[in-house]
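*Asks:* Structure in structure tokens, see below.
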Amino acid sequence: MSFRALHPRWCALALCASLLACPAPPGGPDGGQAACESTRDFFVTEVYGKVFERKCNNCHVGEGTAKAGGSKFLLFRDNHPDFISANLAAIREFAKTEVGGKPTLLQKPLGQLGHMGGSVLAEDSTEYKALTTFVQQLRAGPEVTCPGQEANYQVALLDNEELLRKASLVLAGKLPPADARAQVRGNDAALDTALLALTREEGFYDWLREVWNDALLTEGAGGIFDLGGQYPNNARYTNDMHPQYTPANRTWADLSVREEPTRFIEYVVRNNLPFGEVLTGQYVVVNPYLAVSYGITTDDPPANSYWNWTKQTGAKQVRSMREVPLPSSGILSTPAFLTRWDTTPTNKGRKRAWKVLQLFLATDVLKFAERPVDSSQLTAVQNPTRNSEACRSCHAAGLDEVAGAFRGFAESGSRPSFNPEDMWHDDLFAPGFSGRLMPAAEYPRALQWMTQQLVQDPRFGIAVTRRMFEGLTGLKPSEYPKNKEAPDYAEQVRAFTAESDFFHKVGQDFMENNQDLRRVIVAIVKSPYFRAKAPTGDAPAMQAQLGVNLLTPETLSRKYAAVFGFHLGDIRNEARLQNVGYKRQYLREEWRMMLGGIDSRVTTKRATAVSPTMLAGATYLASVMACRAASFDFTRPVGDRALFPQVEQTTVPLTPRASEGLPLVAVPENQAKIRQNLVELHWRFLGEKVEPNGPEVNASYALFETAWKELEAEHLRRAATNGNYFDFEYYSCGGRTEYTQVRPTNDNFVDMPTDRRIERDRNFTIRAWQAVLVYLATDFRFLHE
Amino acid sequence: MNRRNFLSAGSVLGLSLLLPRGAGAQAAQRYTGKVLLHFHANGGWDPTLFCDAKLASTVAATPLGQDGYTAVTDINGIKVPAMGNGRFNLGGEYAWNPEAFVNDTPIETPERFFRSPEGQRFLVLNGVDTRTNSHETGQQFLGCGNLAAEFPALAALHAAAVTDTLDLPMAFLAGGTYNQTLDVIAASRFDRDRLANIAFPYRPESGNANSRWMNPKVQEALLAAQSARLNALVQGSSLPRTKRSLATFKEARDGNSGLELLQDVLQAANLPFADIQGILPYQMDPGLAYMSANNRWTNFTRPIESLLRCFQAGVSASATYAVGRGFDTHDNHDANQSASLAWQLLALRYTMARAAALGLTERLVVLVTSDFGRTPMYNNNNKGKDHWNVTSVLVAGPGITGGRAVGGTDAGHKPMKVDVTNVNNVLPDSSGNGVRIRPSHVHRELRRVLGIDEAAVAKKFPLASGDGEQPLRLLG
């Protein structure tokens with residue numbers, strides 16, 4: 001299957017020239033051209049980057065001097081998530097104006113009509129010719145489009161079964177059962193249903209929280225202490241003199257504070273609410289520990305109740321010795337968000353505003369500041385953030401007005417207390433949203449007002465799509481190509497535009513469908529960004545971002561569980577991790593870091609490539625799993641096995657000999673079973689559809705047989721001196737432990753009944769399989785999906 | 001032909017280059033060339049508090065607020081706050097007072113630092129124009145030398161250049177702020193408690209040489225099968241991102257050959273305070289007691305010790321590291337900034353002293369940066385200082401003449417220029433003959449000192465040229 005269906009505006013030039021009757025092309029600056037090129041393409045490749053970005057964007061942007069000078073011609077920078085559409089619309093309108101029969105837009109750049117910026121283009125320049133062509137095109141009539149022509153990535157996609165497997169592992173941390181696999185085979189409707197079903201699995205919500213924490217980093221917040229004395233009943237978790245204080249409860253309360261924002265997100269999605277409620281919800285999502293802290297209840301949390309997160313109203317804080325309501329506004333009013341993105345009396349909430357703009361409007365105002373800034377020239381300017389051009393670039397672009405929404409939340413220190421009577425800062429731009437001033441009556445609930453506006457903005461849909469895109473693919477959304485002289489600049493722009501259009505389209509669908517996050521996820525999963533498998537043609541720029549993604553440590557640990565049939569934890573403490581609290585946090589922090597994860601505090605960006613130490617760590621962990629799994633799986637009935645449904649311990653590839661000098665005799669029936677089992681393992685571990693006698697199975701079978709021969713030969717050597725070689729190399733690799741059951745009374749696994757144990761490997765097969773399992777679990781395709 | 005190119009050619013020719021790493025594999029080679037340690041002070045430090053000191057001024061053109069000290073000492077051109085004057089939190093009256101440690105502030109002052117043998121190794125570059133007030137952009141510019149777009153961190157670039165000819169298990173140790181690699185090398189992070197498992201992944205009990213998961217010959221067959229399989233994947237047709245991932249995966253497999261060298265690092269664990277105190281002669285009671293209590297010293301020095309041990313063991317070529325304290329002092333600037341600076345200076349002294357003890361002096365290049373500087377004036381209401389694009393950079397190492405300062409700022413901490421032909425000549429900013437020092441200049445020089453300026457991987461990321469970017473011979 002190849003992918004050719006993304007955006008109708010695309011024009012694959014070669015195909016267009018040969019197959020389609022395109023509308024008249026806009027033509028290049030030096031004359032006509034044969035192929036169809038849409039107005040949009042021409043604008044993005046020839047006009048925006050080469051003309052407007054270079055010559056106009058310093059002044060003709062919202063915060064620039066042109067606006068201050070009264071110009072109505074305003075552009076959007078490429079840090080606006082849909083700057084192409086926004087600019088096209090703005091320019092189309094402005095192109096209509098003319099003076100003396102000539103478009104204003106073609107006179108001003110030449111320095112005519114009193115252009116404040118003087119002459120910025122020469123009339124005989126390539127740029128001016130491109131601008132002329134573009135303006136004439138806009139004035140001539142409707143946009144040129146190239147219908148029927150689409151973005152062409154020239155890739156083969158994962159088929160339905162392969163996609164379901166990959167999506168199951170990534171989204172839900174499980175493998176699809178055989179019947180689900182059969183159902184989606186060649187059936188796209190069934191695939192859609194199955195993908196949607198994945199977003200209702202328990203494991204999905206773990207993944208969802210991780211994806212949002214990667215951006216929010218609120219798990220790196222300070223914990224229960226940050227709630228301080230501003231919250232009722234908090235002392236019982238922070239003050240060891242308090243009669244109800246216990247260290248365990250403090251640990252739980254700490255974790256509760258840090259997870260509150262992502263649990264809120266989970267709640268909204270789990271209950272099929274419009275996703276915007278993660279910002280607008282005027283309630284809290286708490287477990288019993290937080291409920292006590294917020295003064296919703298004074299009851300001690302029941303044992304093992306950490307996992308019980310519910311929607312509650314009536315959250316309170318303490319002000320002047322009395323409890324007053326907390327004006328909740330989704331995750332933004334949570335202590336974890338407010339302390340992780342803390343502020344100061346001079347920062348004035350801007351750090352919080354920057355995060356809101358970046359994460360929920362896909363607008364990174366700090367990108368403005370990449371332009372050379374020389375604040376050393378500003379000391380003579382009063383209140384430079386408002387009055388200096390160098391500072392206004394960020395501060396006027398929504399930063400200050402959104403910062404105003406955090407009015408009332410404490411700016412001194414990190415404690416997230418709220419004072420509804422706080423005044424706002426006269427030296428900042430007024431609170432508001434996207435140019436709309438906040439009504440003064442809304443000041444006491446400023447954050448609630450702002451988030452109500454925000455979630456209706458189309459950029460919210462794009463921003464949510466971009467976040468899920470990054471979570472699913474590990475890719476940062478592309479930036480508009482910087483190097484206009486690059487030989488493949490036009491191709492790079494096309495790839496960028498295809499991706500940008502994809503975000504726009506999916507984001508719009510999200511906004512039009514009750515802000516249903518699941519639709520976004522399914523759309524991305526089915527796109528080539530997640531689904532591309534192999535190249536079918538030469539399209540380097542379009543394919544540059546496509547390919548496998550390194551699994552996060554959390555996904556990898558879920559994959560271990562899905563593939564081997566039981567969880568991985570620390571080799572000594574796995575039971576404790578599962579039994580006590582962190583039941584889904586399978587990897588201890590030091591392993592998460594070693595495998596490229598984040599701690600949300602110092603290390604906030606995940607590794608994207610395997611280092612030698614990561615590979616060594618993964619090898620060690622795979623060895624742990626294989627050691628346990630090879631024997632454990634054989635202790636189970638065939639129907640319950642994860643790994644060896646086709647073979648038994650006694651399924652030997654060759655007949656064991658009585659002495660070393662005798663020939664080895666093949667057992668064809670067993671070899672066929674072993675190969676068939678390997679076929680299933682290749683699918684299970686690597687997602688490969690292979691044949692029993694194909695090269696992949698030949699290689700893994702060769703390893704199995706070689707290992708078996710080595711073990712059998714060593715046994716014969718030892719038998720010559722009345723010894724044997726039936727013992728496992730490492731004692732714990734014997735099947736004596738129920739790795740799927742933890743004792744209710746302590747942290748240890750349950751011992752296996754003696755009649756089911758496998759103490760020794762008398763047929764040399766378990767140890768041979770152990771080697772195969774390590775081989776598969778250290779493979780490139782195991783660590784990437 | 002370097003190793004990376006050879007591997008690439010090999011895959012085209014269908015050669016089997018992924019030899020098994022079993023008993024027959026070659027003994028791992030140690031890296032003995034120059035190593036880079038990049039310290040970054042997160043948040044934006046204030047050079048006027050330690051290496052570009054200047055007194056308060058109310059002159060309209062050069063306003064500068066400075067309540068922290070009342071005199072400046074010149075140490076061979078490095079201007080530091082004078083000790084014993086006023087309320088400077090770093091030294092003077094607080095130096096030996098245990099109360100000074102209430103806020104976890106150790107004893108160290110700029111003057112003591114720059115007079116010490118360790119501090120004398122550092123060249124101070126003042127008046128460095130970061131051209132930004134954005135944390136992330138500043139971290140990027142100081143980390144890679146390029147403002148317009150992300151380049152690989154200098155530490156990543158150096159490690160990539162080294163691994164062109166030598167397999168290293170942890171070539172680039174990423175513990176700092178800016179760790180971008182752009183896939184030229186994979187960043188390694190490690191926890192010392194897990195290092196033993198990493199060094200010996202095929203041992204269930206890492207400390208027991210006889211412990212093993214499987215029969216040695218079976219393990220050998222496994223390694224051979226892994227290599228053959230990877231070779232087949234590399235030679236297959238893949239999407240670009242998959243190709244890049246396969247390349248780094250293969251590098252990782254190759255780098256594993258040196259994992260046993262990590263034993264040296266393991267054996268160096270938990271250096272006790274008693275073994276260290278002699279290295280830092282300024283440590284006196286009660287500061288000594290404070291630092292040695294509650295594992296403060298161990299916790300503080302352990303990460304740095306680990307990095308240096310990796311360099312010594314020949315398993316790493318570069319590292320980034322950020323000392324834990326923050327420098328983004330929008331509030332109560334003097335106290336918070338000076339406390340963070342004290343920890344930073346202590347870390348630098350420790351680094352240089354231990355590097356000498358470990359025989360790394362002729363190998364170790366140290367770069368010390370921060371996001372940008374801080375405004376000359378205090379904020380009105382909270383004595384904080386905001387972002388300022390002018391900062392200072394410290395560098396030390398072989399080929400770098402320390403104990404002096406290059407570049408400068410005026411009385412209001414605005415940047416001055418340096419003469420392109422002789423950087424020791426500081427010129428007014430209005431001069432048409434000089435240029436402002438930028439992070440790009442520093443990185444161009446560091447590439448030269450590290451010997452990677454001509455490396456193919458560095459050439460893929462050329463530093464800016466043109467007006468204002470003329471090469472400056474800053475490092476001697």
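Simple scheme: letters A, B, ... for chains in structure tokens order, numbers from 1 for residues in each chain, numbers from 1 for ligands in the order shown.
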Residues of chain B within 6 Å of chain A, counting only C-alpha atoms, what are they? List them as an mmCIF file with N, CA and C atoms, in the first residue's frame.
*Replies:*
```cif
data_model
loop_
_atom_site.group_PDB
_atom_site.id
_atom_site.type_symbol
_atom_site.label_atom_id
_atom_site.label_comp_id
_atom_site.auth_asym_id
_atom_site.auth_seq_id
_atom_site.Cartn_x
_atom_site.Cartn_y
_atom_site.Cartn_z
ATOM 1 N N ARG B 131 23.407 38.183 22.273
ATOM 2 C CA ARG B 131 22.418 38.643 21.297
ATOM 3 C C ARG B 131 21.011 38.118 21.581
ATOM 4 N N THR B 132 20.765 37.733 22.785
ATOM 5 C CA THR B 132 19.423 37.231 23.122
ATOM 6 C C THR B 132 19.140 37.447 24.602
ATOM 7 N N SER B 134 16.567 35.316 25.655
ATOM 8 C CA SER B 134 15.774 34.096 25.798
ATOM 9 C C SER B 134 16.656 32.994 26.381
ATOM 10 N N PRO B 169 32.470 3.843 24.561
ATOM 11 C CA PRO B 169 31.145 3.440 25.065
ATOM 12 C C PRO B 169 30.291 4.612 25.520
ATOM 13 N N ALA B 186 25.299 9.684 19.871
ATOM 14 C CA ALA B 186 24.216 9.476 20.835
ATOM 15 C C ALA B 186 24.662 9.966 22.207
ATOM 16 N N SER B 188 24.943 9.959 26.139
ATOM 17 C CA SER B 188 24.867 8.962 27.216
ATOM 18 C C SER B 188 24.542 9.641 28.532
ATOM 19 N N ARG B 189 23.646 9.026 29.257
ATOM 20 C CA ARG B 189 23.389 9.460 30.621
ATOM 21 C C ARG B 189 23.608 8.244 31.489
ATOM 22 N N PHE B 190 24.137 8.434 32.648
ATOM 23 C CA PHE B 190 24.321 7.241 33.453
ATOM 24 C C PHE B 190 24.127 7.534 34.920
ATOM 25 N N ASP B 191 23.681 6.524 35.586
ATOM 26 C CA ASP B 191 23.546 6.571 37.023
ATOM 27 C C ASP B 191 24.589 5.626 37.570
ATOM 28 N N ILE B 198 25.809 -1.886 33.454
ATOM 29 C CA ILE B 198 26.146 -1.445 32.104
ATOM 30 C C ILE B 198 27.505 -2.001 31.682
ATOM 31 N N PRO B 201 26.785 -6.266 31.139
ATOM 32 C CA PRO B 201 25.370 -6.596 30.936
ATOM 33 C C PRO B 201 25.100 -8.098 30.897
ATOM 34 N N TRP B 213 24.702 -15.174 32.673
ATOM 35 C CA TRP B 213 23.348 -15.579 32.305
ATOM 36 C C TRP B 213 23.357 -16.877 31.510
ATOM 37 N N MET B 214 24.391 -17.037 30.720
ATOM 38 C CA MET B 214 24.373 -18.172 29.794
ATOM 39 C C MET B 214 25.781 -18.701 29.557
ATOM 40 N N VAL B 218 27.504 -20.116 24.029
ATOM 41 C CA VAL B 218 26.167 -19.711 23.578
ATOM 42 C C VAL B 218 26.121 -18.198 23.448
ATOM 43 N N SER B 238 15.683 1.485 3.783
ATOM 44 C CA SER B 238 15.001 2.064 4.936
ATOM 45 C C SER B 238 14.633 3.511 4.673
ATOM 46 N N LEU B 239 13.675 3.987 5.418
ATOM 47 C CA LEU B 239 13.347 5.410 5.409
ATOM 48 C C LEU B 239 14.469 6.190 6.093
ATOM 49 N N PRO B 240 14.579 7.480 5.782
ATOM 50 C CA PRO B 240 15.722 8.249 6.294
ATOM 51 C C PRO B 240 15.873 8.204 7.811
ATOM 52 N N ARG B 241 14.775 8.350 8.515
ATOM 53 C CA ARG B 241 14.887 8.354 9.977
ATOM 54 C C ARG B 241 15.327 6.985 10.485
ATOM 55 N N THR B 242 14.847 5.947 9.863
ATOM 56 C CA THR B 242 15.261 4.594 10.242
ATOM 57 C C THR B 242 16.748 4.412 9.965
ATOM 58 N N PHE B 249 22.520 3.113 16.186
ATOM 59 C CA PHE B 249 22.427 1.814 16.855
ATOM 60 C C PHE B 249 23.708 1.006 16.612
ATOM 61 N N ALA B 252 26.429 2.340 18.591
ATOM 62 C CA ALA B 252 26.265 1.928 19.986
ATOM 63 C C ALA B 252 26.788 0.503 20.198
ATOM 64 N N GLY B 255 30.485 0.701 20.139
ATOM 65 C CA GLY B 255 30.992 1.339 21.350
ATOM 66 C C GLY B 255 30.953 0.431 22.555
ATOM 67 N N ASN B 256 30.113 -0.592 22.498
ATOM 68 C CA ASN B 256 30.017 -1.512 23.633
ATOM 69 C C ASN B 256 31.316 -2.246 23.901
ATOM 70 N N LYS B 414 27.843 47.447 29.458
ATOM 71 C CA LYS B 414 27.538 47.311 28.042
ATOM 72 C C LYS B 414 28.799 46.809 27.348
#
```
*Asks:* Can you tell me, as an MDAnalysis selection string, what residues are no more than 9 Å from region 85-99 of chain A when counting only C-alpha atoms, ignoring any on the same chain fewer than 5 positions away?
*Replies:* chainID A and resid 40 43 48 72:77 80 104:107 113 135:136 138:139
*Asks:* If I take CA of Leu175 (chain A) and CA of Arg253 (chain B), how far is one from the other in Å, to one decimal?
*Replies:*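 CA of Arg253 (chain B) lies at a distance of 27.8 Å from CA of Leu175 (chain A).
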*Asks:* Can you tell me, as a ChimeraX atom specification, which residues in region 256-498 of chain A count as strand (DSSP E or B) by DSSP?
*Replies:* /A:284-286,310-312,316-319,322-325,329,331,409,418,432-433,436-437
*Asks:* State, in Å with one decimal place, the distance from CA of Asp538 (chain A) to CA of Tyr153 (chain A).
*Replies:*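 Computed distance, CA of Asp538 (chain A) to CA of Tyr153 (chain A), equals 8.8 Å.
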*Asks:* Tell me, as a list in words, which residues lie within 9 Å of region 357-361 of chain B, counting only C-alpha atoms; anything in the same chain fewer than 4 positions away does not count.
*Replies:* Lys34, Val35, Ile279, Leu308, Arg309, Phe311, Gln312, Met352, Ala353, Val365, Gly397 and Pro398 of chain B
*Asks:* With all heavy atoms retained, export the selected residues as a CSV table (one decimal), in the first residue's frame.
*Replies:*
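And here is the file that came out, out19.csv:
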```
chain,number,residue,atom,x,y,z
B,34,LYS,N,42.4,15.0,23.8
B,34,LYS,CA,41.7,16.1,24.6
B,34,LYS,C,40.3,15.8,24.9
B,34,LYS,O,39.6,15.2,24.1
B,34,LYS,CB,41.8,17.4,23.8
B,34,LYS,CG,43.2,18.0,23.9
B,34,LYS,CD,43.3,19.3,23.1
B,34,LYS,CE,44.7,19.8,23.1
B,34,LYS,NZ,45.0,20.9,22.2
B,35,VAL,N,39.9,16.1,26.1
B,35,VAL,CA,38.5,16.0,26.5
B,35,VAL,C,37.9,17.3,26.9
B,35,VAL,O,38.6,18.2,27.3
B,35,VAL,CB,38.4,15.0,27.8
B,35,VAL,CG1,38.7,13.6,27.4
B,35,VAL,CG2,39.3,15.5,28.9
B,279,ILE,N,43.3,18.9,48.8
B,279,ILE,CA,43.4,19.5,47.5
B,279,ILE,C,42.9,20.9,47.5
B,279,ILE,O,43.3,21.7,46.7
B,279,ILE,CB,42.5,18.6,46.5
B,279,ILE,CG1,43.1,17.3,46.4
B,279,ILE,CG2,42.4,19.3,45.2
B,279,ILE,CD1,42.3,16.3,45.6
B,308,LEU,N,35.1,13.0,35.5
B,308,LEU,CA,36.5,13.0,35.4
B,308,LEU,C,37.1,11.6,35.3
B,308,LEU,O,38.0,11.3,34.6
B,308,LEU,CB,37.2,13.7,36.6
B,308,LEU,CG,36.8,15.2,36.6
B,308,LEU,CD1,37.4,15.9,37.9
B,308,LEU,CD2,37.3,16.0,35.4
B,309,ARG,N,36.4,10.7,36.1
B,309,ARG,CA,36.9,9.3,36.0
B,309,ARG,C,36.6,8.6,34.7
B,309,ARG,O,37.4,7.8,34.2
B,309,ARG,CB,36.2,8.5,37.1
B,309,ARG,CG,36.7,8.8,38.5
B,309,ARG,CD,38.1,8.2,38.7
B,309,ARG,NE,38.6,8.5,40.0
B,309,ARG,CZ,39.6,7.9,40.6
B,309,ARG,NH1,40.3,7.0,39.9
B,309,ARG,NH2,40.0,8.2,41.8
B,311,PHE,N,36.7,10.3,31.9
B,311,PHE,CA,37.7,10.8,31.0
B,311,PHE,C,39.0,10.0,31.3
B,311,PHE,O,39.7,9.6,30.4
B,311,PHE,CB,38.0,12.3,31.3
B,311,PHE,CG,36.9,13.2,30.9
B,311,PHE,CD1,36.6,14.4,31.5
B,311,PHE,CD2,36.1,12.9,29.8
B,311,PHE,CE1,35.6,15.2,31.1
B,311,PHE,CE2,35.0,13.7,29.4
B,311,PHE,CZ,34.8,14.9,30.1
B,312,GLN,N,39.3,9.9,32.5
B,312,GLN,CA,40.6,9.2,32.9
B,312,GLN,C,40.6,7.7,32.4
B,312,GLN,O,41.6,7.2,31.9
B,312,GLN,CB,40.8,9.2,34.4
B,312,GLN,CG,42.2,8.7,34.8
B,312,GLN,CD,42.2,8.3,36.3
B,312,GLN,OE1,41.2,7.8,36.8
B,312,GLN,NE2,43.3,8.4,36.9
B,352,MET,N,39.3,21.3,38.6
B,352,MET,CA,40.7,21.5,38.2
B,352,MET,C,41.7,20.8,39.1
B,352,MET,O,42.7,20.2,38.7
B,352,MET,CB,41.0,23.0,38.2
B,352,MET,CG,40.1,23.9,37.2
B,352,MET,SD,39.9,23.2,35.6
B,352,MET,CE,41.4,23.7,34.8
B,353,ALA,N,41.4,20.8,40.4
B,353,ALA,CA,42.3,20.1,41.4
B,353,ALA,C,42.2,18.6,41.1
B,353,ALA,O,43.3,18.0,41.1
B,353,ALA,CB,41.8,20.5,42.8
B,365,VAL,N,39.9,20.3,28.6
B,365,VAL,CA,39.5,21.7,28.2
B,365,VAL,C,38.1,21.9,29.0
B,365,VAL,O,37.2,21.1,28.9
B,365,VAL,CB,39.3,21.8,26.7
B,365,VAL,CG1,38.7,23.2,26.4
B,365,VAL,CG2,40.6,21.5,26.0
B,397,GLY,N,42.4,25.2,29.9
B,397,GLY,CA,42.9,23.9,29.3
B,397,GLY,C,44.2,24.1,28.6
B,397,GLY,O,44.7,25.2,28.5
B,398,PRO,N,44.7,23.0,28.0
B,398,PRO,CA,46.0,23.0,27.3
B,398,PRO,C,45.8,23.9,26.1
B,398,PRO,O,44.8,23.9,25.4
B,398,PRO,CB,46.2,21.6,26.9
B,398,PRO,CG,44.9,20.9,27.0
B,398,PRO,CD,44.1,21.6,28.1
```
*Asks:* Any idea what the distance is between CA of Phe151 (chain B) and CA of Gly175 (chain B)?
*Replies:* 17.6 Å
*Asks:* So that I can check the surroundings of Trp45 (chain B), please list as a CSV table (one decimal) with C-alpha atoms, in the first residue's frame every protein, DNA and RNA residue that reaches within 7 Å of it, counting only C-alpha atoms and ignoring chain neighbours fewer than 2 positions away.
*Replies:*
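Produced file around-v2.csv, reproduced below:
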```
chain,number,residue,atom,x,y,z
B,41,ALA,CA,25.2,27.9,34.9
B,43,GLY,CA,19.4,30.8,34.2
B,47,PRO,CA,29.5,38.6,35.7
B,327,PHE,CA,21.0,31.7,38.4
B,370,SER,CA,25.6,30.8,31.3
B,372,PHE,CA,23.4,35.5,29.3
B,373,GLY,CA,24.0,38.2,31.9
B,374,ARG,CA,21.8,40.2,34.2
```
*Asks:* Which residues are near Gly734 (chain A)? Cut-off 9 Å, only C-alpha atoms, ignore same chain within fewer than 3 positions. Put them as a PyMOL selection string.
*Replies:* chain A and resi 627-628+630-632+727-728+730-731+737+757-761
